[in-house]
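This is data_0.txt (compact mmCIF, C-alpha atoms and all ligand atoms).
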# COMPACT_ATOMS: atom_id res chain seq x y z
CA MET C 1 19.93 65.18 0.00
CA ALA C 2 19.97 65.60 3.77
CA LYS C 3 21.70 68.73 5.01
CA ARG C 4 23.73 68.32 8.16
CA THR C 5 22.97 70.56 11.14
CA VAL C 6 24.77 71.29 14.41
CA ILE C 7 23.81 68.81 17.14
CA GLN C 8 26.42 69.71 19.75
CA ILE C 9 28.84 72.58 20.41
CA LEU C 10 32.12 72.01 22.24
CA THR C 11 34.62 74.64 23.30
CA GLY C 12 38.33 74.14 23.75
CA ARG C 13 40.15 74.16 27.07
CA PRO C 14 43.48 75.99 27.52
CA THR C 15 46.24 73.63 28.62
CA SER C 16 49.91 72.92 28.00
CA ASP C 17 51.71 69.87 26.68
CA GLY C 18 55.14 68.70 25.55
CA GLY C 19 57.90 70.80 27.10
CA GLY C 20 55.32 73.40 28.12
CA VAL C 21 53.63 74.55 24.92
CA ARG C 22 50.47 76.53 25.54
CA LEU C 23 47.60 75.28 23.45
CA VAL C 24 43.85 74.88 23.35
CA ARG C 25 42.60 71.30 23.47
CA VAL C 26 39.39 71.19 21.49
CA ILE C 27 38.81 67.41 21.40
CA THR C 28 39.93 64.69 23.79
CA PRO C 29 39.23 60.93 23.66
CA GLU C 30 36.42 61.61 26.18
CA SER C 31 34.67 63.76 23.55
CA LYS C 32 33.72 60.47 21.86
CA LEU C 33 33.92 61.78 18.32
CA ASP C 34 35.03 58.50 16.74
CA PRO C 35 37.51 58.29 14.96
CA PHE C 36 38.82 61.71 16.11
CA LEU C 37 40.79 61.42 19.34
CA MET C 38 42.28 64.85 19.86
CA LEU C 39 42.43 68.29 18.29
CA ASP C 40 44.91 70.82 19.63
CA GLU C 41 45.10 74.42 18.41
CA PHE C 42 48.28 76.39 19.05
CA ASP C 43 48.47 80.08 18.29
CA SER C 44 50.87 82.51 19.89
CA ASP C 45 53.36 85.20 18.99
CA GLU C 46 54.89 84.97 22.46
CA PRO C 47 57.98 82.68 22.19
CA ASN C 48 57.68 81.51 25.82
CA ASP C 49 54.38 79.88 24.83
CA TYR C 50 56.00 77.55 22.28
CA ILE C 51 59.80 77.61 22.48
CA ALA C 52 60.04 74.45 24.66
CA GLY C 53 58.41 72.43 21.87
CA PHE C 54 57.67 68.75 22.11
CA PRO C 55 60.90 66.92 23.03
CA SER C 56 61.30 63.18 22.36
CA HIS C 57 58.09 61.24 23.08
CA PRO C 58 56.35 58.08 21.83
CA HIS C 59 53.05 57.30 20.09
CA ARG C 60 51.29 54.00 19.33
CA GLY C 61 48.00 53.08 17.73
CA PHE C 62 46.86 56.13 15.75
CA GLU C 63 47.85 58.91 13.33
CA THR C 64 48.88 62.49 14.03
CA VAL C 65 48.21 65.20 11.46
CA THR C 66 49.96 68.52 12.04
CA TYR C 67 48.84 71.49 9.92
CA MET C 68 50.97 74.62 10.20
CA LEU C 69 49.50 78.05 9.47
CA ASP C 70 52.41 80.14 10.75
CA GLY C 71 55.87 79.26 11.98
CA HIS C 72 58.42 76.51 11.54
CA LEU C 73 58.72 73.16 13.32
CA LEU C 74 61.34 70.45 12.86
CA HIS C 75 60.28 66.81 13.25
CA GLU C 76 62.89 64.13 13.95
CA ASP C 77 62.08 60.48 14.66
CA HIS C 78 63.71 57.13 15.46
CA LEU C 79 63.43 56.08 11.81
CA GLY C 80 65.81 58.88 10.85
CA ASN C 81 63.12 61.04 9.29
CA ARG C 82 63.77 64.75 9.47
CA GLY C 83 61.00 67.00 8.30
CA ASP C 84 60.68 70.73 8.13
CA LEU C 85 57.15 71.83 8.74
CA VAL C 86 56.57 75.35 7.44
CA ALA C 87 53.51 77.58 7.05
CA GLY C 88 50.93 75.91 4.83
CA GLY C 89 52.54 72.47 5.19
CA VAL C 90 51.31 69.27 6.79
CA GLN C 91 52.98 66.37 8.51
CA TRP C 92 51.02 63.12 8.37
CA MET C 93 52.45 60.57 10.76
CA THR C 94 51.09 57.06 11.18
CA ALA C 95 52.42 55.90 14.52
CA GLY C 96 51.27 52.30 14.01
CA ARG C 97 53.11 50.03 16.48
CA GLY C 98 55.37 52.82 17.55
CA ILE C 99 57.24 55.96 16.80
CA ILE C 100 59.49 58.08 18.99
CA HIS C 101 59.84 61.62 17.78
CA SER C 102 60.36 65.25 18.67
CA GLU C 103 58.63 68.33 17.28
CA MET C 104 60.70 71.43 17.98
CA PRO C 105 60.22 75.07 16.98
CA GLN C 106 62.85 76.45 14.59
CA GLN C 107 62.16 80.07 15.51
CA ILE C 108 62.82 82.20 18.53
CA ALA C 109 60.35 84.94 17.66
CA GLY C 110 57.20 85.46 15.63
CA ARG C 111 53.88 83.73 15.45
CA MET C 112 53.43 79.97 15.68
CA ARG C 113 49.98 78.80 14.70
CA GLY C 114 48.50 75.50 13.65
CA PHE C 115 46.66 72.36 14.61
CA GLN C 116 47.49 68.82 15.59
CA LEU C 117 44.78 66.22 15.04
CA TRP C 118 44.88 62.66 16.35
CA LEU C 119 43.05 60.24 14.12
CA ASN C 120 42.40 56.71 15.34
CA LEU C 121 43.47 53.58 13.46
CA PRO C 122 41.39 50.40 13.29
CA ALA C 123 42.54 47.44 15.44
CA ARG C 124 43.99 45.73 12.36
CA ASP C 125 46.32 48.67 11.64
CA LYS C 126 47.41 49.64 15.15
CA MET C 127 50.52 47.44 15.10
CA LYS C 128 51.60 48.06 11.51
CA PRO C 129 55.01 49.70 10.90
CA ALA C 130 55.20 53.44 11.47
CA GLY C 131 54.91 55.71 8.45
CA TYR C 132 55.52 59.36 7.85
CA ARG C 133 54.74 61.91 5.17
CA ASP C 134 55.84 65.51 4.91
CA LEU C 135 53.46 67.42 2.67
CA ASP C 136 54.90 70.64 1.32
CA PRO C 137 52.58 73.63 0.88
CA GLU C 138 52.80 73.22 -2.94
CA GLU C 139 51.28 69.73 -2.68
CA ILE C 140 48.14 71.01 -1.00
CA PRO C 141 45.44 72.30 -3.37
CA HIS C 142 43.65 75.61 -2.86
CA VAL C 143 40.27 76.06 -4.49
CA ARG C 144 38.96 79.57 -5.10
CA LEU C 145 35.21 80.06 -4.88
CA GLY C 146 34.60 83.74 -5.54
CA ASP C 147 36.44 85.56 -2.76
CA SER C 148 36.44 82.46 -0.55
CA GLU C 149 39.12 79.79 -0.56
CA VAL C 150 39.21 76.13 0.41
CA THR C 151 42.44 74.31 1.24
CA VAL C 152 42.19 70.56 0.73
CA VAL C 153 44.53 68.89 3.21
CA ALA C 154 43.02 65.41 2.88
CA GLY C 155 40.15 63.65 1.19
CA THR C 156 38.12 64.99 -1.73
CA PHE C 157 36.33 68.33 -1.68
CA HIS C 158 32.90 68.13 -3.31
CA SER C 159 30.88 71.30 -3.75
CA ASP C 160 28.18 72.68 -6.05
CA GLY C 161 29.25 73.65 -9.55
CA ILE C 162 32.88 72.55 -9.37
CA ASP C 163 34.79 69.40 -10.19
CA PRO C 164 35.88 67.43 -7.10
CA VAL C 165 39.37 68.33 -5.82
CA SER C 166 41.46 65.78 -3.92
CA GLY C 167 44.15 66.54 -1.38
CA PRO C 168 47.48 64.71 -1.11
CA VAL C 169 46.10 62.09 1.33
CA VAL C 170 43.04 60.16 0.18
CA GLY C 171 41.37 57.00 1.47
CA GLY C 172 42.60 54.76 4.26
CA ALA C 173 40.50 53.03 6.91
CA THR C 174 38.82 56.21 8.12
CA ASP C 175 38.83 58.02 4.73
CA PRO C 176 39.37 61.44 6.34
CA LEU C 177 38.25 64.76 4.87
CA TYR C 178 40.31 67.69 6.19
CA LEU C 179 39.47 71.12 4.79
CA ASP C 180 40.43 74.66 5.77
CA LEU C 181 37.69 77.04 4.56
CA ALA C 182 38.19 80.81 4.45
CA ILE C 183 34.69 82.15 3.84
CA ARG C 184 34.10 85.79 2.89
CA PRO C 185 31.26 87.76 4.49
CA GLY C 186 27.89 86.78 3.10
CA ALA C 187 29.20 83.72 1.25
CA THR C 188 27.97 80.15 1.68
CA ILE C 189 30.09 77.11 0.86
CA PRO C 190 28.25 73.81 0.43
CA VAL C 191 30.44 70.78 1.21
CA GLY C 192 29.60 67.18 0.39
CA ILE C 193 30.33 64.74 3.20
CA PRO C 194 29.73 60.98 2.96
CA SER C 195 26.67 59.88 4.96
CA GLY C 196 27.55 58.04 8.14
CA HIS C 197 30.87 59.81 8.58
CA THR C 198 31.47 61.80 11.77
CA ALA C 199 31.74 65.49 10.81
CA LEU C 200 33.02 68.49 12.77
CA VAL C 201 33.44 72.19 12.09
CA TYR C 202 35.96 74.13 14.20
CA VAL C 203 35.86 77.93 13.88
CA PHE C 204 39.26 79.57 14.36
CA GLU C 205 38.62 83.03 12.89
CA GLY C 206 35.43 85.07 12.85
CA GLY C 207 32.23 83.08 12.95
CA VAL C 208 29.88 81.05 10.75
CA GLU C 209 26.30 79.85 10.60
CA ILE C 210 25.17 76.33 9.83
CA ASN C 211 21.45 75.90 9.14
CA GLY C 212 20.75 79.09 11.09
CA GLN C 213 22.87 78.10 14.08
CA ARG C 214 25.81 80.33 14.87
CA VAL C 215 29.18 78.72 15.62
CA ALA C 216 31.59 81.26 17.12
CA LYS C 217 35.38 81.46 17.12
CA GLY C 218 36.85 78.81 19.40
CA SER C 219 33.80 76.55 19.12
CA LEU C 220 33.49 73.14 17.52
CA GLY C 221 30.19 72.16 15.97
CA HIS C 222 29.47 68.43 15.86
CA LEU C 223 27.21 67.84 12.86
CA SER C 224 24.22 65.56 12.44
CA ASP C 225 24.30 62.86 9.79
CA GLY C 226 23.56 63.79 6.20
CA ASP C 227 25.35 64.07 2.89
CA SER C 228 26.29 67.76 2.85
CA VAL C 229 26.58 70.88 4.96
CA ASP C 230 26.18 74.57 4.08
CA ILE C 231 28.59 76.84 5.93
CA THR C 232 27.77 80.56 5.78
CA ALA C 233 29.75 83.59 6.89
CA GLY C 234 27.55 86.46 8.06
CA SER C 235 28.65 90.07 8.34
CA GLU C 236 32.18 88.95 9.28
CA SER C 237 34.34 86.42 7.46
CA GLY C 238 34.84 82.97 8.92
CA ARG C 239 37.68 80.52 8.83
CA VAL C 240 37.00 76.94 9.83
CA LEU C 241 38.42 73.47 9.76
CA LEU C 242 35.97 70.91 8.45
CA LEU C 243 36.89 67.41 9.57
CA ALA C 244 34.99 64.28 8.61
CA ALA C 245 35.87 60.58 8.77
CA ARG C 246 34.38 57.11 8.90
CA PRO C 247 33.83 56.00 12.50
CA LEU C 248 35.59 52.81 13.57
CA ARG C 249 33.03 51.67 16.19
CA GLU C 250 35.71 49.81 18.16
CA PRO C 251 36.55 50.06 21.87
CA VAL C 252 38.99 52.91 22.65
CA VAL C 253 41.40 52.70 25.58
CA SER C 254 43.77 55.65 25.68
CA TYR C 255 46.64 56.41 28.02
CA GLY C 256 48.67 59.49 27.17
CA PRO C 257 50.36 58.92 23.81
CA PHE C 258 49.03 55.35 23.40
CA VAL C 259 45.55 54.61 22.02
CA MET C 260 44.59 50.95 21.78
CA ASN C 261 41.47 48.77 22.05
CA THR C 262 42.07 47.06 25.42
CA VAL C 263 43.74 47.77 28.77
CA ALA C 264 46.06 44.79 28.16
CA GLU C 265 47.28 46.42 24.93
CA ILE C 266 48.00 49.66 26.80
CA GLU C 267 49.97 47.73 29.42
CA GLN C 268 51.90 46.04 26.61
CA ALA C 269 52.66 49.45 25.04
CA LEU C 270 54.01 50.72 28.38
CA ARG C 271 56.17 47.58 28.81
CA ASP C 272 57.42 47.87 25.22
CA PHE C 273 58.25 51.56 25.70
CA ARG C 274 60.11 51.00 28.98
CA SER C 275 62.11 48.11 27.51
CA GLY C 276 62.96 50.05 24.35
CA GLN C 277 60.83 47.79 22.13
CA LEU C 278 57.95 50.12 21.29
CA THR C 279 59.12 50.55 17.74
CA GLU C 280 60.44 47.02 17.07
FE FE2 F 301 54.06 63.70 18.86
In C-alpha cells, what does this structure look like?
Ligand code: FE2
Amino acid sequence: MAKRTVIQILTGRPTSDGGGVRLVRVITPESKLDPFLMLDEFDSDEPNDYIAGFPSHPHRGFETVTYMLDGHLLHEDHLGNRGDLVAGGVQWMTAGRGIIHSEMPQQIAGRMRGFQLWLNLPARDKMKPAGYRDLDPEEIPHVRLGDSEVTVVAGTFHSDGIDPVSGPVVGGATDPLYLDLAIRPGATIPVGIPSGHTALVYVFEGGVEINGQRVAKGSLGHLSDGDSVDITAGSESGRVLLLAARPLREPVVSYGPFVMNTVAEIEQALRDFRSGQLTE
C-alpha cells in the first residue's frame, strides 16, 4: 500500500473566457497533467463577472465536465440538447468529432460558482459522435463520514471501512475519478486511487494536509504514484476536488477549443469548423 504524496503544487491564474466570464484557470494543456487538459474555477457574486456567459462555440477531441456549486446555467447545442445546470448538478459532454454549444447564465444576480474540467479522449475516440449527459443533483451520491462529506461525481469512491460508492459516470478510456470532499477540522479521509493514474487535489475552501504537506486554498497538488492518499483538514475545514484518471500517453496538440494528436488534425478541425462541417 503506497500512499501518494504531493510532488508539485500549481496555482491558478485569473483570466477571462467566453463572452468575458472571469475565472481562475488552474490547469492548461501546458501543465502536462495527462489526461487532464484544463480546469477552470468560477466563483463570483458580482453579475458582471459572469453575465456574458459562453455564447456559441465549438469543441472537438475531448470531454468537458461542468460541476455547478451555486447558480444556474443553460446549455444548448447543435444536436438540440437543452440542459439546465443547477447547483449540485453536472453536465458531462463528450465533444467527440464536434459540438457547437452555448453555456449561458440564467440569473442576473447572486452567486455563480463551479468548475469546468476538460478531459482528453484517446485518438480512437476523438472523432466519435458527440454525446451529452445532464446529471441532476439527485443522481450524484453523497457519502457521510462523520461530519465530513464526499460527493461522488464520477468513478468509484473507495475508503477505509465503507463499501465502495460509484457516481453516475463510471469507466471509459480514462476511467476518471471526480470527488468533492468537504473535510471537517481534524478529520482525515483516505481515498483509494488506482496505481498509475494521474491524481490531483485542488483546494477551493480552507486548506488541507497531505502526508504533512500543506495545500492551501487556490492551490492544486499533483500527487505521486501510489494506491491511496490521506487528506487531512487541520484546525480549519477543507474542501477539495480530487481528480484522478488513466493517462493516455499520446501526443497532444491543442488549439483553443480543439485538442487533437497532430497539427494536421487541428488544421482539419479549423477547416471543418469554417465550412460548417465540424459536427458532420
Ligand atoms: Fe464549451
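In this comparison, which uses only C-alpha atoms and all ligand atoms, the residue of C:Leu74, C:Ala154, C:Val201, C:Leu223 approaching ligand FE2 301 (chain F) most closely is C:Leu74.
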### Task
Write out as a ChimeraX atom specification each polymer residue (protein, DNA or RNA) that has an atom no more than 8 Å from ligand FE2 301 (chain F), with only C-alpha atoms and all ligand atoms counted.
/C:54,57-59,64,100-103,257
### Task
Please provide as a PyMOL selection string all residues within 12 Å of segment 213-217 of chain C, with the sequence filter that same-chain residues fewer than 6 positions apart are discarded (counting all atoms listed in the file).
chain C and resi 4-12+26+200-207+223+230-234+236-241
### Message
Between C:Met68, C:Val170, C:Leu73, C:Leu119, which residue has the minimum interatomic distance to Tyr50 of chain C, considering all atoms listed in the file?
### Response
C:Leu73
### Query
So which one's closest to Glu149 of chain C, C:Asp70, C:Asp136, C:Asp180, C:Glu30? Using all atoms listed in the file, please.
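Nearest to Glu149 of chain C: C:Asp180.
Nearest-residue note for Arg184 of chain C: choosing from C:Pro14, C:Gly146, C:Gly161, C:Gly20, the minimum distance belongs to C:Gly146, counting only C-alpha atoms.
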### Query
Counting all atoms listed in the file, which of C:Ser228, C:Ser148, C:Thr156, C:Ser235 gets nearest to Val169 of chain C?
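Checking each candidate against Val169 of chain C, we get C:Thr156 as the closest.
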Since the input has fewer atoms than a full residue there, write segment 216-249 of chain C out with N, CA and C atoms, as a compact mmCIF listing (two decimals), in the coordinates of the input.
# COMPACT_ATOMS: atom_id res chain seq x y z
N ALA C 216 30.67 80.14 16.90
CA ALA C 216 31.59 81.26 17.12
C ALA C 216 33.04 80.79 17.13
N LYS C 217 33.93 81.74 17.03
CA LYS C 217 35.38 81.46 17.12
C LYS C 217 35.68 80.67 18.39
N GLY C 218 36.48 79.63 18.25
CA GLY C 218 36.85 78.81 19.40
C GLY C 218 35.85 77.71 19.71
N SER C 219 34.81 77.60 18.89
CA SER C 219 33.80 76.55 19.12
C SER C 219 33.87 75.49 18.02
N LEU C 220 33.54 74.27 18.43
CA LEU C 220 33.49 73.14 17.52
C LEU C 220 32.04 72.69 17.41
N GLY C 221 31.54 72.67 16.19
CA GLY C 221 30.19 72.16 15.97
C GLY C 221 30.26 70.72 15.51
N HIS C 222 29.57 69.84 16.25
CA HIS C 222 29.47 68.43 15.86
C HIS C 222 28.20 68.32 15.02
N LEU C 223 28.33 67.81 13.80
CA LEU C 223 27.21 67.84 12.86
C LEU C 223 26.39 66.56 12.91
N SER C 224 25.11 66.71 12.60
CA SER C 224 24.22 65.56 12.44
C SER C 224 24.65 64.78 11.19
N ASP C 225 24.02 63.63 11.00
CA ASP C 225 24.30 62.86 9.79
C ASP C 225 23.63 63.54 8.59
N GLY C 226 24.09 63.20 7.42
CA GLY C 226 23.56 63.79 6.20
C GLY C 226 24.62 63.70 5.13
N ASP C 227 24.33 64.20 3.94
CA ASP C 227 25.35 64.07 2.89
C ASP C 227 25.99 65.39 2.47
N SER C 228 25.58 66.50 3.12
CA SER C 228 26.29 67.76 2.85
C SER C 228 25.99 68.75 3.97
N VAL C 229 26.80 69.81 3.99
CA VAL C 229 26.58 70.88 4.96
C VAL C 229 26.79 72.21 4.24
N ASP C 230 25.99 73.21 4.60
CA ASP C 230 26.18 74.57 4.08
C ASP C 230 26.79 75.41 5.19
N ILE C 231 27.93 76.00 4.92
CA ILE C 231 28.59 76.84 5.93
C ILE C 231 28.58 78.28 5.41
N THR C 232 28.00 79.18 6.21
CA THR C 232 27.77 80.56 5.78
C THR C 232 28.51 81.53 6.69
N ALA C 233 29.18 82.49 6.10
CA ALA C 233 29.75 83.59 6.89
C ALA C 233 28.75 84.75 6.85
N GLY C 234 28.52 85.37 7.99
CA GLY C 234 27.55 86.46 8.06
C GLY C 234 28.20 87.78 7.71
N SER C 235 28.10 88.75 8.62
CA SER C 235 28.65 90.07 8.34
C SER C 235 30.17 90.07 8.47
N GLU C 236 30.72 89.08 9.18
CA GLU C 236 32.18 88.95 9.28
C GLU C 236 32.60 87.68 8.54
N SER C 237 33.87 87.63 8.13
CA SER C 237 34.34 86.42 7.46
C SER C 237 34.52 85.32 8.51
N GLY C 238 34.64 84.10 8.02
CA GLY C 238 34.84 82.97 8.92
C GLY C 238 35.92 82.08 8.38
N ARG C 239 36.69 81.51 9.27
CA ARG C 239 37.68 80.52 8.83
C ARG C 239 37.51 79.30 9.72
N VAL C 240 37.33 78.15 9.08
CA VAL C 240 37.00 76.94 9.83
C VAL C 240 37.77 75.74 9.30
N LEU C 241 38.00 74.79 10.19
CA LEU C 241 38.42 73.47 9.76
C LEU C 241 37.16 72.63 9.64
N LEU C 242 37.03 71.90 8.55
CA LEU C 242 35.97 70.91 8.45
C LEU C 242 36.65 69.55 8.45
N LEU C 243 36.30 68.73 9.42
CA LEU C 243 36.89 67.41 9.57
C LEU C 243 35.78 66.37 9.49
N ALA C 244 35.98 65.36 8.67
CA ALA C 244 34.99 64.28 8.61
C ALA C 244 35.75 62.97 8.39
N ALA C 245 35.22 61.88 8.94
CA ALA C 245 35.87 60.58 8.77
C ALA C 245 34.90 59.47 9.15
N ARG C 246 35.20 58.29 8.61
CA ARG C 246 34.38 57.11 8.90
C ARG C 246 34.64 56.62 10.33
N PRO C 247 33.60 56.49 11.13
CA PRO C 247 33.83 56.00 12.50
C PRO C 247 34.26 54.54 12.50
N LEU C 248 35.07 54.17 13.50
CA LEU C 248 35.59 52.81 13.57
C LEU C 248 34.67 51.88 14.38
N ARG C 249 33.94 52.45 15.32
CA ARG C 249 33.03 51.67 16.19
C ARG C 249 33.76 50.50 16.86
